[in-house]
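The next block is input06.txt, given as compact mmCIF, C-alpha atoms.
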# COMPACT_ATOMS: atom_id res chain seq x y z
CA MET A 516 -24.75 -20.81 -61.41
CA THR A 517 -26.77 -18.25 -63.35
CA ALA A 518 -29.05 -15.65 -61.81
CA LEU A 519 -32.06 -17.69 -62.85
CA GLN A 520 -30.73 -20.84 -61.21
CA VAL A 521 -30.72 -19.09 -57.86
CA GLU A 522 -34.50 -19.24 -57.96
CA ARG A 523 -34.53 -23.04 -57.95
CA GLU A 524 -34.20 -25.26 -54.93
CA THR A 525 -33.16 -28.91 -54.84
CA GLY A 526 -36.40 -30.35 -56.17
CA ASN A 527 -38.58 -29.73 -53.13
CA GLU A 528 -40.58 -26.99 -54.83
CA PRO A 529 -44.30 -27.80 -54.96
CA GLU A 530 -45.96 -28.23 -58.33
CA PRO A 531 -47.76 -26.47 -59.83
CA VAL A 532 -46.76 -23.05 -58.56
CA VAL A 533 -49.63 -20.57 -58.23
CA PRO A 534 -48.91 -17.20 -59.94
CA LEU A 535 -47.88 -14.61 -57.39
CA ARG A 536 -50.83 -12.35 -58.22
CA ARG A 537 -53.17 -15.21 -57.20
CA ASN A 538 -51.27 -16.11 -54.03
CA TRP A 539 -53.82 -14.58 -51.67
CA ARG A 540 -51.74 -15.22 -48.54
CA PHE A 541 -48.78 -13.28 -49.94
CA GLN A 542 -50.95 -10.50 -51.36
CA ALA A 543 -52.87 -10.15 -48.06
CA LEU A 544 -49.71 -10.02 -45.95
CA TRP A 545 -48.07 -7.70 -48.47
CA SER A 546 -51.06 -5.33 -48.42
CA GLY A 547 -50.99 -5.33 -44.61
CA ALA A 548 -47.27 -4.53 -44.67
CA ALA A 549 -47.96 -1.76 -47.22
CA ALA A 550 -50.67 -0.24 -44.99
CA SER A 551 -48.31 -0.38 -42.02
CA MET A 552 -45.45 1.21 -43.98
CA LEU A 553 -47.67 3.98 -45.35
CA GLY A 554 -48.88 4.65 -41.82
CA THR A 555 -45.28 4.91 -40.63
CA MET A 556 -44.47 7.43 -43.35
CA VAL A 557 -47.58 9.49 -42.52
CA ALA A 558 -46.77 9.34 -38.80
CA ASP A 559 -43.16 10.42 -39.34
CA THR A 560 -44.48 13.67 -40.81
CA ALA A 561 -47.69 14.17 -38.82
CA TYR A 562 -46.26 13.77 -35.30
CA PRO A 563 -43.50 16.41 -35.71
CA LEU A 564 -46.01 18.80 -37.28
CA LEU A 565 -48.37 18.22 -34.35
CA LEU A 566 -45.58 18.90 -31.84
CA LEU A 567 -44.58 22.03 -33.76
CA THR A 568 -48.18 23.26 -33.59
CA MET A 569 -48.44 22.45 -29.87
CA THR A 570 -45.12 23.97 -28.76
CA GLY A 571 -43.73 26.12 -31.57
CA SER A 572 -40.36 24.44 -30.88
CA PRO A 573 -38.51 22.85 -33.83
CA SER A 574 -36.28 20.92 -31.41
CA LEU A 575 -39.28 19.30 -29.73
CA ALA A 576 -40.76 18.56 -33.14
CA GLY A 577 -37.54 16.78 -34.08
CA ALA A 578 -37.52 14.90 -30.77
CA PHE A 579 -40.28 12.57 -31.99
CA GLY A 580 -38.14 11.10 -34.75
CA ALA A 581 -35.08 11.01 -32.50
CA VAL A 582 -36.88 9.06 -29.77
CA GLN A 583 -38.50 6.65 -32.22
CA PHE A 584 -35.22 6.02 -34.05
CA THR A 585 -33.18 5.58 -30.86
CA VAL A 586 -35.59 3.06 -29.32
CA SER A 587 -35.82 1.13 -32.59
CA LEU A 588 -32.03 1.04 -32.88
CA LEU A 589 -31.47 -0.02 -29.27
CA LEU A 590 -34.04 -2.82 -29.40
CA GLY A 591 -33.36 -3.96 -32.97
CA LEU A 592 -30.95 -6.80 -32.22
CA HIS A 593 -33.16 -8.09 -29.40
CA GLY A 594 -36.14 -7.98 -31.77
CA GLY A 595 -34.27 -10.22 -34.19
CA ALA A 596 -33.32 -12.62 -31.40
CA LEU A 597 -36.94 -12.82 -30.24
CA ALA A 598 -38.03 -13.61 -33.80
CA ASP A 599 -35.72 -16.65 -33.69
CA ARG A 600 -36.96 -17.82 -30.28
CA ARG A 601 -40.71 -17.26 -30.19
CA ASN A 602 -43.68 -17.79 -32.49
CA ARG A 603 -43.28 -15.12 -35.17
CA ARG A 604 -46.98 -14.87 -35.92
CA VAL A 605 -47.76 -14.09 -32.27
CA ILE A 606 -45.03 -11.40 -32.22
CA LEU A 607 -46.51 -9.80 -35.34
CA ILE A 608 -50.05 -9.80 -33.96
CA VAL A 609 -48.98 -8.36 -30.59
CA GLY A 610 -46.82 -5.70 -32.25
CA ASP A 611 -49.62 -4.54 -34.56
CA ALA A 612 -52.14 -4.50 -31.69
CA VAL A 613 -49.83 -2.36 -29.54
CA ARG A 614 -49.31 -0.01 -32.48
CA VAL A 615 -53.07 0.45 -32.94
CA LEU A 616 -53.62 1.22 -29.25
CA ALA A 617 -50.68 3.63 -29.01
CA THR A 618 -51.80 5.51 -32.12
CA LEU A 619 -55.44 5.75 -31.00
CA SER A 620 -54.34 7.26 -27.69
CA VAL A 621 -53.35 10.46 -29.52
CA PRO A 622 -56.75 11.40 -31.06
CA ALA A 623 -58.42 10.29 -27.81
CA ALA A 624 -56.22 12.69 -25.83
CA LEU A 625 -56.84 15.44 -28.39
CA TRP A 626 -60.60 15.10 -28.05
CA LEU A 627 -60.28 15.21 -24.25
CA GLY A 628 -57.93 18.19 -24.39
CA ARG A 629 -55.29 16.21 -22.47
CA LEU A 630 -52.55 15.67 -25.06
CA THR A 631 -49.08 16.55 -23.74
CA VAL A 632 -45.55 16.47 -25.12
CA PRO A 633 -44.50 13.55 -22.84
CA HIS A 634 -47.52 11.59 -24.11
CA VAL A 635 -46.46 12.08 -27.75
CA LEU A 636 -42.84 11.17 -26.98
CA LEU A 637 -44.00 8.05 -25.14
CA VAL A 638 -45.95 7.09 -28.26
CA ALA A 639 -42.74 7.64 -30.26
CA ALA A 640 -40.92 5.20 -27.98
CA VAL A 641 -43.69 2.61 -28.29
CA LEU A 642 -43.75 2.91 -32.09
CA GLY A 643 -39.97 2.56 -32.19
CA ALA A 644 -40.27 -0.65 -30.16
CA THR A 645 -42.94 -2.07 -32.49
CA ILE A 646 -40.66 -1.39 -35.47
CA ALA A 647 -37.82 -3.24 -33.74
CA TYR A 648 -39.90 -6.32 -32.90
CA SER A 649 -42.41 -6.46 -35.75
CA GLY A 650 -40.07 -5.37 -38.56
CA PRO A 651 -37.96 -8.54 -38.92
CA VAL A 652 -41.01 -10.77 -38.34
CA ARG A 653 -43.07 -9.00 -41.00
CA MET A 654 -40.27 -9.48 -43.51
CA LEU A 655 -40.05 -13.17 -42.67
CA ALA A 656 -43.84 -13.61 -42.74
CA VAL A 657 -44.32 -12.09 -46.20
CA ARG A 658 -41.54 -14.26 -47.60
CA SER A 659 -42.65 -17.46 -45.85
CA VAL A 660 -45.74 -17.81 -48.05
CA VAL A 661 -43.84 -17.56 -51.36
CA PRO A 662 -42.18 -20.54 -53.11
CA PRO A 663 -38.43 -20.18 -53.86
CA SER A 664 -39.00 -19.72 -57.60
CA GLN A 665 -41.06 -16.55 -56.95
CA LEU A 666 -38.96 -15.02 -54.20
CA ARG A 667 -37.23 -12.49 -56.44
CA GLN A 668 -40.57 -11.40 -57.91
CA ALA A 669 -42.07 -11.07 -54.43
CA LEU A 670 -39.12 -9.03 -53.19
CA SER A 671 -39.40 -6.73 -56.21
CA GLN A 672 -43.07 -6.14 -55.37
CA ASP A 673 -42.01 -5.38 -51.80
CA GLU A 674 -39.78 -2.57 -53.11
CA VAL A 675 -42.92 -0.96 -54.56
CA ARG A 676 -44.39 -0.97 -51.04
CA VAL A 677 -41.35 0.74 -49.51
CA ASN A 678 -40.84 3.40 -52.17
CA GLY A 679 -44.55 4.01 -52.73
CA ALA A 680 -45.02 4.73 -49.03
CA SER A 681 -42.01 7.06 -49.04
CA LEU A 682 -43.50 8.96 -51.97
CA LEU A 683 -47.10 9.19 -50.72
CA GLY A 684 -46.62 9.45 -46.95
CA PRO A 685 -45.42 13.05 -46.39
CA PRO A 686 -47.93 14.81 -48.71
CA LEU A 687 -50.73 12.60 -47.42
CA ALA A 688 -49.83 13.57 -43.84
CA GLY A 689 -50.05 17.27 -44.71
CA LEU A 690 -53.37 16.79 -46.49
CA LEU A 691 -54.91 14.84 -43.59
CA LEU A 692 -53.61 17.29 -41.00
CA GLY A 693 -55.37 20.05 -42.92
CA LEU A 694 -58.66 18.22 -42.33
CA GLY A 695 -58.16 18.17 -38.56
CA ARG A 696 -55.46 17.53 -35.99
CA ALA A 697 -56.74 14.05 -35.16
CA VAL A 698 -57.36 12.90 -38.75
CA PRO A 699 -53.81 11.70 -39.66
CA PHE A 700 -53.59 9.58 -36.51
CA LEU A 701 -56.98 7.99 -37.16
CA ALA A 702 -55.74 7.14 -40.65
CA VAL A 703 -52.51 5.66 -39.26
CA ALA A 704 -54.53 3.62 -36.73
CA ALA A 705 -56.79 2.37 -39.55
CA GLY A 706 -53.75 1.22 -41.53
CA SER A 707 -52.31 -0.53 -38.48
CA LEU A 708 -55.67 -2.15 -37.80
CA TYR A 709 -55.74 -3.50 -41.36
CA ALA A 710 -52.21 -4.86 -40.91
CA LEU A 711 -53.34 -6.51 -37.66
CA ALA A 712 -56.33 -8.06 -39.44
CA THR A 713 -54.13 -9.60 -42.15
CA ALA A 714 -51.73 -10.97 -39.51
CA CYS A 715 -54.69 -12.60 -37.71
CA LEU A 716 -56.39 -13.96 -40.83
CA VAL A 717 -53.40 -15.26 -42.80
CA ARG A 718 -51.87 -18.37 -41.30
CA PHE A 719 -48.17 -19.00 -41.82
CA ASP A 720 -45.67 -21.16 -39.99
CA GLY A 721 -44.40 -18.88 -37.26
CA ARG A 722 -42.13 -21.45 -35.62
CA PRO A 723 -38.44 -20.72 -36.21
CA GLY A 724 -36.46 -23.66 -37.54
CA GLY A 725 -34.16 -25.21 -34.97
CA GLU A 726 -35.94 -23.41 -32.17
CA ALA A 727 -34.02 -25.17 -29.41
CA GLY A 728 -30.70 -24.00 -30.78
CA ALA A 729 -31.98 -20.47 -31.21
CA LYS A 730 -32.87 -20.22 -27.54
CA ASP A 731 -29.21 -20.78 -26.65
CA GLY A 732 -27.89 -18.23 -29.14
CA SER A 733 -26.92 -14.61 -28.63
CA MET A 734 -28.65 -11.60 -30.16
CA LEU A 735 -25.21 -10.76 -31.63
CA ASP A 736 -25.24 -13.96 -33.69
CA GLY A 737 -26.75 -12.03 -36.61
CA LEU A 738 -23.72 -9.76 -36.78
CA ARG A 739 -21.40 -12.77 -36.53
CA GLU A 740 -23.27 -14.55 -39.32
CA LEU A 741 -22.93 -11.50 -41.58
CA ALA A 742 -19.23 -11.23 -40.79
CA ARG A 743 -18.68 -14.91 -41.69
CA ASN A 744 -20.32 -14.60 -45.13
CA ARG A 745 -18.05 -12.33 -47.12
CA LEU A 746 -20.45 -11.78 -50.01
CA MET A 747 -23.35 -10.78 -47.74
CA LEU A 748 -21.00 -8.56 -45.74
CA ALA A 749 -19.71 -6.87 -48.90
CA VAL A 750 -23.23 -6.21 -50.21
CA LEU A 751 -24.27 -4.87 -46.81
CA VAL A 752 -21.24 -2.54 -46.73
CA VAL A 753 -22.03 -1.26 -50.23
CA ILE A 754 -25.66 -0.50 -49.32
CA ALA A 755 -24.49 1.13 -46.08
CA LEU A 756 -22.10 3.32 -48.08
CA ILE A 757 -24.94 4.34 -50.39
CA ASN A 758 -27.12 5.20 -47.37
CA LEU A 759 -24.31 7.18 -45.79
CA ALA A 760 -23.44 9.06 -48.98
CA GLY A 761 -27.09 9.71 -49.80
CA SER A 762 -27.99 11.05 -46.36
CA THR A 763 -24.80 13.16 -46.24
CA SER A 764 -25.81 14.69 -49.59
CA LEU A 765 -29.37 15.52 -48.56
CA LEU A 766 -28.65 18.78 -46.72
CA PRO A 767 -26.28 20.12 -49.45
CA VAL A 768 -29.00 19.49 -52.06
CA MET A 769 -31.53 21.32 -49.89
CA VAL A 770 -29.10 24.25 -49.52
CA LEU A 771 -28.61 24.43 -53.30
CA LEU A 772 -32.37 24.49 -53.83
CA ARG A 773 -32.83 27.20 -51.19
CA ASP A 774 -30.09 29.33 -52.74
CA ASN A 775 -31.88 29.04 -56.09
CA GLY A 776 -35.11 30.35 -54.53
CA VAL A 777 -36.99 27.05 -54.62
CA SER A 778 -39.92 26.98 -52.18
CA SER A 779 -40.36 24.41 -49.42
CA THR A 780 -43.04 22.68 -51.48
CA GLY A 781 -40.74 22.62 -54.50
CA THR A 782 -37.91 21.23 -52.38
CA GLY A 783 -40.19 18.43 -51.19
CA LEU A 784 -41.10 17.60 -54.77
CA VAL A 785 -37.45 17.47 -55.79
CA LEU A 786 -36.54 15.22 -52.87
CA ALA A 787 -39.38 12.89 -53.91
CA GLY A 788 -37.16 12.00 -56.86
CA GLU A 789 -35.49 9.37 -54.70
CA ALA A 790 -38.79 7.56 -54.12
CA VAL A 791 -39.69 7.84 -57.81
CA GLY A 792 -36.33 6.30 -58.70
CA GLY A 793 -36.96 3.49 -56.24
CA LEU A 794 -40.36 2.75 -57.78
CA LEU A 795 -38.87 2.61 -61.27
CA GLY A 796 -35.93 0.60 -59.97
CA ALA A 797 -38.28 -2.13 -58.73
CA LEU A 798 -38.99 -2.90 -62.41
CA LEU A 799 -35.26 -3.34 -63.08
CA VAL A 800 -34.54 -5.90 -60.35
CA ARG A 801 -34.96 -9.05 -62.46
CA PRO A 802 -33.09 -7.73 -65.55
CA LEU A 803 -30.19 -6.46 -63.45
CA HIS A 804 -29.95 -9.75 -61.56
CA ARG A 805 -30.02 -11.64 -64.86
CA TRP A 806 -27.31 -9.53 -66.49
CA PHE A 807 -24.82 -9.20 -63.63
CA GLY A 808 -23.38 -11.28 -60.82
CA PRO A 809 -23.99 -10.02 -57.29
CA GLY A 810 -20.53 -8.52 -56.77
CA VAL A 811 -20.42 -6.72 -60.11
CA LEU A 812 -23.96 -5.41 -59.64
CA ALA A 813 -23.13 -4.03 -56.19
CA LEU A 814 -20.07 -2.20 -57.55
CA LEU A 815 -21.89 -0.89 -60.64
CA VAL A 816 -24.87 0.52 -58.73
CA SER A 817 -22.74 2.16 -56.06
CA GLY A 818 -20.18 3.36 -58.61
CA ALA A 819 -22.91 5.05 -60.66
CA MET A 820 -23.61 7.20 -57.62
CA VAL A 821 -20.24 8.97 -57.96
CA PRO A 822 -20.93 10.87 -61.23
CA VAL A 823 -24.52 11.57 -60.13
CA LEU A 824 -23.22 13.35 -57.01
CA LEU A 825 -21.17 15.61 -59.31
CA VAL A 826 -24.19 16.69 -61.39
CA PRO A 827 -24.63 19.99 -59.41
CA TYR A 828 -21.24 21.09 -60.77
CA VAL A 829 -22.90 21.13 -64.20
CA SER A 830 -26.38 22.36 -63.24
CA ASP A 831 -28.21 22.84 -59.95
CA SER A 832 -31.68 23.56 -61.31
CA ALA A 833 -34.60 21.88 -59.55
CA VAL A 834 -35.42 19.73 -62.60
CA VAL A 835 -31.84 18.51 -62.96
CA LEU A 836 -31.52 17.72 -59.25
CA PHE A 837 -34.82 15.82 -59.36
CA GLY A 838 -33.48 13.75 -62.26
CA ALA A 839 -30.21 13.15 -60.40
CA LEU A 840 -32.08 11.79 -57.38
CA VAL A 841 -34.13 9.51 -59.64
CA LEU A 842 -30.92 8.13 -61.17
CA LEU A 843 -29.37 7.82 -57.73
CA ALA A 844 -32.12 5.46 -56.54
CA LEU A 845 -32.66 3.37 -59.69
CA GLY A 846 -30.31 0.55 -58.75
CA VAL A 847 -30.92 0.50 -55.00
CA PRO A 848 -33.94 -1.90 -55.11
CA ALA A 849 -31.79 -4.45 -56.95
CA LEU A 850 -29.22 -4.29 -54.14
CA ARG A 851 -31.80 -4.59 -51.36
CA VAL A 852 -33.44 -7.57 -53.06
CA MET A 853 -29.98 -9.08 -53.55
CA LEU A 854 -29.21 -8.85 -49.84
CA ASP A 855 -32.60 -10.35 -49.00
CA LEU A 856 -32.05 -13.24 -51.42
CA LEU A 857 -28.61 -13.95 -49.99
CA VAL A 858 -30.08 -14.08 -46.47
CA PHE A 859 -32.68 -16.65 -47.54
CA GLN A 860 -30.17 -18.69 -49.55
CA ARG A 861 -27.24 -18.74 -47.16
CA VAL A 862 -28.65 -18.32 -43.66
CA ALA A 863 -30.39 -21.06 -41.66
CA ASP A 864 -33.96 -20.25 -40.60
CA GLU A 865 -33.11 -20.38 -36.90
CA VAL A 866 -30.89 -17.27 -37.20
CA ARG A 867 -32.62 -15.37 -40.01
CA GLY A 868 -34.44 -13.03 -37.63
CA ARG A 869 -31.15 -11.99 -36.05
CA VAL A 870 -29.40 -11.58 -39.41
CA ILE A 871 -32.23 -9.40 -40.76
CA ALA A 872 -32.24 -7.31 -37.57
CA ALA A 873 -28.45 -6.94 -37.70
CA ALA A 874 -28.60 -5.78 -41.34
CA MET A 875 -31.43 -3.33 -40.54
CA THR A 876 -29.41 -1.93 -37.61
CA VAL A 877 -26.29 -1.39 -39.71
CA LEU A 878 -28.25 0.28 -42.50
CA MET A 879 -30.24 2.49 -40.10
CA LEU A 880 -27.03 3.88 -38.58
CA GLY A 881 -26.02 5.43 -41.89
CA VAL A 882 -28.96 7.86 -42.00
CA PRO A 883 -28.39 9.91 -38.80
CA LEU A 884 -24.63 9.68 -39.21
CA GLY A 885 -24.87 11.03 -42.76
CA MET A 886 -27.18 13.87 -41.74
CA PHE A 887 -24.78 14.81 -38.94
CA LEU A 888 -21.77 14.73 -41.28
CA GLY A 889 -23.62 16.75 -43.90
CA GLY A 890 -24.46 19.44 -41.35
CA MET A 891 -20.89 19.56 -40.02
CA LEU A 892 -19.37 19.83 -43.48
CA LEU A 893 -21.79 22.59 -44.50
CA ASP A 894 -20.57 24.66 -41.55
CA HIS A 895 -17.17 24.91 -43.26
CA LEU A 896 -17.67 24.14 -46.98
CA ALA A 897 -19.94 25.16 -49.85
CA ALA A 898 -22.73 22.76 -50.79
CA ARG A 899 -21.11 21.76 -54.11
CA THR A 900 -17.81 21.14 -52.37
CA VAL A 901 -19.50 18.82 -49.87
CA LEU A 902 -21.06 16.82 -52.71
CA GLY A 903 -17.71 16.60 -54.49
CA LEU A 904 -16.02 15.43 -51.29
CA VAL A 905 -18.68 12.75 -50.73
CA ALA A 906 -18.24 11.55 -54.32
CA ALA A 907 -14.46 11.37 -53.90
CA VAL A 908 -14.61 9.44 -50.62
CA LEU A 909 -17.20 7.04 -52.05
CA ALA A 910 -15.05 6.45 -55.15
CA VAL A 911 -11.97 5.63 -53.04
CA ALA A 912 -13.96 3.26 -50.80
CA LEU A 913 -15.43 1.42 -53.80
CA LEU A 914 -12.03 1.11 -55.50
CA ALA A 915 -10.68 -0.48 -52.32
CA MET A 916 -13.59 -2.93 -52.26
CA ALA A 917 -13.22 -3.75 -55.96
CA ALA A 918 -9.48 -4.47 -55.72
CA PRO A 919 -9.83 -8.10 -54.48
CA ARG A 920 -11.14 -10.42 -57.20
CA ARG A 921 -13.46 -12.19 -54.76
CA LEU A 922 -16.23 -9.58 -55.00
CA ARG A 923 -15.88 -8.97 -58.73
CA THR A 924 -16.10 -12.68 -59.54
CA ALA A 925 -18.85 -13.59 -57.06
CA THR A 926 -21.73 -15.59 -58.59
CA TRP A 927 -25.33 -16.17 -57.62
Show this structure as structure tokens.
Amino acid sequence: MTALQVERETGNEPEPVVPLRRNWRFQALWSGAAASMLGTMVADTAYPLLLLTMTGSPSLAGAFGAVQFTVSLLLGLHGGALADRRNRRVILIVGDAVRVLATLSVPAALWLGRLTVPHVLLVAAVLGATIAYSGPVRMLAVRSVVPPSQLRQALSQDEVRVNGASLLGPPLAGLLLGLGRAVPFLAVAAGSLYALATACLVRFDGRPGGEAGAKDGSMLDGLRELARNRLMLAVLVVIALINLAGSTSLLPVMVLLRDNGVSSTGTGLVLAGEAVGGLLGALLVRPLHRWFGPGVLALLVSGAMVPVLLVPYVSDSAVVLFGALVLLALGVPALRVMLDLLVFQRVADEVRGRVIAAAMTVLMLGVPLGMFLGGMLLDHLAARTVLGLVAAVLAVALLAMAAPRRLRTATW
């Protein structure tokens, strides 16, 4: 089958198909998801800055992200299982409502002069839980209102949401915090309220297929389903390797920029190259899927990361490193859309929530692990050496994955 044939079902597709830009249900749900994602990116910067202002302690400032991430990771698999057992629309509405209330509690406490560190960390835990339970459902909801022939286009548009929020969130948080300590959290609450409104207004079928069977399943079924499908597992491993290598390389890049006298603002602008690359990469999803099979594409995108990691051996200027990060992220949207497509093609609806949650859990683990490895390696090695080591390990891992013909010859 060709890459274009993957967009066709067995003749059950309704006719005529409304252009995606005029599919108001998709666009409304997508805009709600975009508002929620932008709010998350703003919150991830604003809360640590607030804690740093309150306590002067960098460790307490970092505790917000640690608590939110840990809770989200611990509850992720259960969130996927719940999405396969209960009405998904109800889960989404409840999750967004809880998020609004938790966020509004912060400016309310600020105005009353009662905000404490435990309060902020409790909000972090609540937000982590809403990510775990609402995340898989929101992904399923946005995709449930799109016909199969437009799924790739819809997923490409979703990449704009993710990378756009990553690019705009941190500077927007700093700007809003400059207007007042409560302003960023009011903005985050407004975004969550808009997401809640779209979830309430847009009707979609929230009943999981085969609901009776899902109730008897385990929350580990998503991991088992991924393990059974070798192509999905291979793509997931490749994306996880990219996450791990990218997060391991983040601290060495920051050290190189610091050693070159680049300011904190300049460092932030350089690191934004990854989000810029993701935005540009969203435009390449359809061409890349048309030109390459899934296995070849996965190996090409991840393999291109190896020479990019070695760029600092040639030049470590801020402009060059920005360009390297852009190149690093160009192919990642095509891989994420690929994994999403494979889930919707090869996984029954009654276990999709668990499969999505399992994939999100695996991918999330790579970020803290990579940051930890990067810090450990920098204690003993120079920044360029760390990047070279990451490139070498990634190259060996990809060669091992490319050795069997199964991945290289996989088709859509």
So that I can see what lies close to Ala849 of chain A, please list as a compact mmCIF listing (two decimals) with C-alpha atoms, in the frame of the given file the residues with an atom at most 8 Å from it, counting only C-alpha atoms and leaving out residues fewer than 5 positions away in the same chain.
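Listing of out03.txt after writing:
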# COMPACT_ATOMS: atom_id res chain seq x y z
CA SER A 671 -39.40 -6.73 -56.21
CA GLY A 796 -35.93 0.60 -59.97
CA ALA A 797 -38.28 -2.13 -58.73
CA LEU A 799 -35.26 -3.34 -63.08
CA VAL A 800 -34.54 -5.90 -60.35
CA ARG A 801 -34.96 -9.05 -62.46
CA LEU A 803 -30.19 -6.46 -63.45
CA HIS A 804 -29.95 -9.75 -61.56
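Candidate residues A:Ser620, A:Asn775, A:Gln542, A:Thr780 were compared for distance to Ala669 of chain A, and the nearest is A:Gln542, using all atoms listed in the file.
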ask   = Can you tell me, as a ChimeraX atom specification, what residues are no more than 12 Å from Leu630 of chain A when counting all atoms listed in the file, ignoring any on the same chain fewer than 2 positions away?
value = /A:565-566,569-570,619-628,632-638,696-697
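Rounded to one decimal, atom CA of Leu682 of chain A and atom CA of Pro651 of chain A lie 22.5 Å from each other.
Using all atoms listed in the file, the residues found no farther than 7 Å from Gly810 of chain A, other than those of its own chain fewer than 4 positions away, are A:Leu814, A:Leu922, A:Arg923, A:Thr924, A:Ala925.
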Would you output that residue set with C-alpha atoms, as a compact mmCIF listing (two decimals), in the coordinates of the input?
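Done, and the output landed in result.txt:
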# COMPACT_ATOMS: atom_id res chain seq x y z
CA LEU A 814 -20.07 -2.20 -57.55
CA LEU A 922 -16.23 -9.58 -55.00
CA ARG A 923 -15.88 -8.97 -58.73
CA THR A 924 -16.10 -12.68 -59.54
CA ALA A 925 -18.85 -13.59 -57.06
inquiry  = So that I can see what lies close to segment 741-756 of chain A, please list as a ChimeraX atom specification the residues with an atom at most 7 Å from it, counting only C-alpha atoms and leaving out residues fewer than 3 positions away in the same chain.
reply    = /A:737-738,759-760,813,817,854,857,870,878,881,922
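Of note, atom CA of Leu845 of chain A and atom CA of Ala680 of chain A are spaced 16.4 Å apart.
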ask   = Any idea what's packed within 10 Å of segment 706-712 of chain A, counting only C-alpha atoms, ignoring anything in its chain fewer than 2 positions away? Could you give it as a ChimeraX atom specification?
value = /A:543-555,607-616,618,700-704,714-717
key: Residue nearest Leu888 of chain A - candidates A:Leu786, A:Ala598, A:Val901, A:Leu843, atoms counted: only C-alpha atoms   = A:Val901
query = For Ala790 of chain A, which residue out of A:Val811, A:Val882, A:Met769, A:Val677 is the nearest one, using only C-alpha atoms?
reply = A:Val677
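Note that atom CA of Phe887 of chain A and atom CA of Leu567 of chain A are 21.7 Å apart.
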Student task, segment 560-571 of chain A output with N, CA and C atoms as a compact mmCIF listing (two decimals), in the first residue's frame:
# COMPACT_ATOMS: atom_id res chain seq x y z
N THR A 560 6.31 27.73 33.22
CA THR A 560 7.31 28.78 33.47
C THR A 560 6.89 29.68 34.62
N ALA A 561 5.60 30.02 34.68
CA ALA A 561 5.13 31.00 35.67
C ALA A 561 5.17 30.46 37.09
N TYR A 562 4.77 29.21 37.31
CA TYR A 562 4.76 28.67 38.66
C TYR A 562 6.15 28.60 39.29
N PRO A 563 7.17 28.07 38.58
CA PRO A 563 8.52 28.09 39.17
C PRO A 563 9.02 29.50 39.46
N LEU A 564 8.72 30.45 38.56
CA LEU A 564 9.14 31.83 38.81
C LEU A 564 8.44 32.41 40.04
N LEU A 565 7.17 32.07 40.21
CA LEU A 565 6.44 32.52 41.40
C LEU A 565 7.06 31.94 42.67
N LEU A 566 7.36 30.64 42.65
CA LEU A 566 7.98 30.01 43.82
C LEU A 566 9.36 30.60 44.10
N LEU A 567 10.10 30.92 43.04
CA LEU A 567 11.42 31.51 43.23
C LEU A 567 11.29 32.89 43.87
N THR A 568 10.29 33.64 43.46
CA THR A 568 10.05 34.96 44.06
C THR A 568 9.62 34.84 45.52
N MET A 569 8.78 33.85 45.82
CA MET A 569 8.26 33.67 47.17
C MET A 569 9.33 33.19 48.16
N THR A 570 10.22 32.28 47.68
CA THR A 570 11.13 31.60 48.61
C THR A 570 12.60 31.91 48.36
N GLY A 571 12.94 32.32 47.14
CA GLY A 571 14.34 32.50 46.80
C GLY A 571 15.09 31.19 46.65
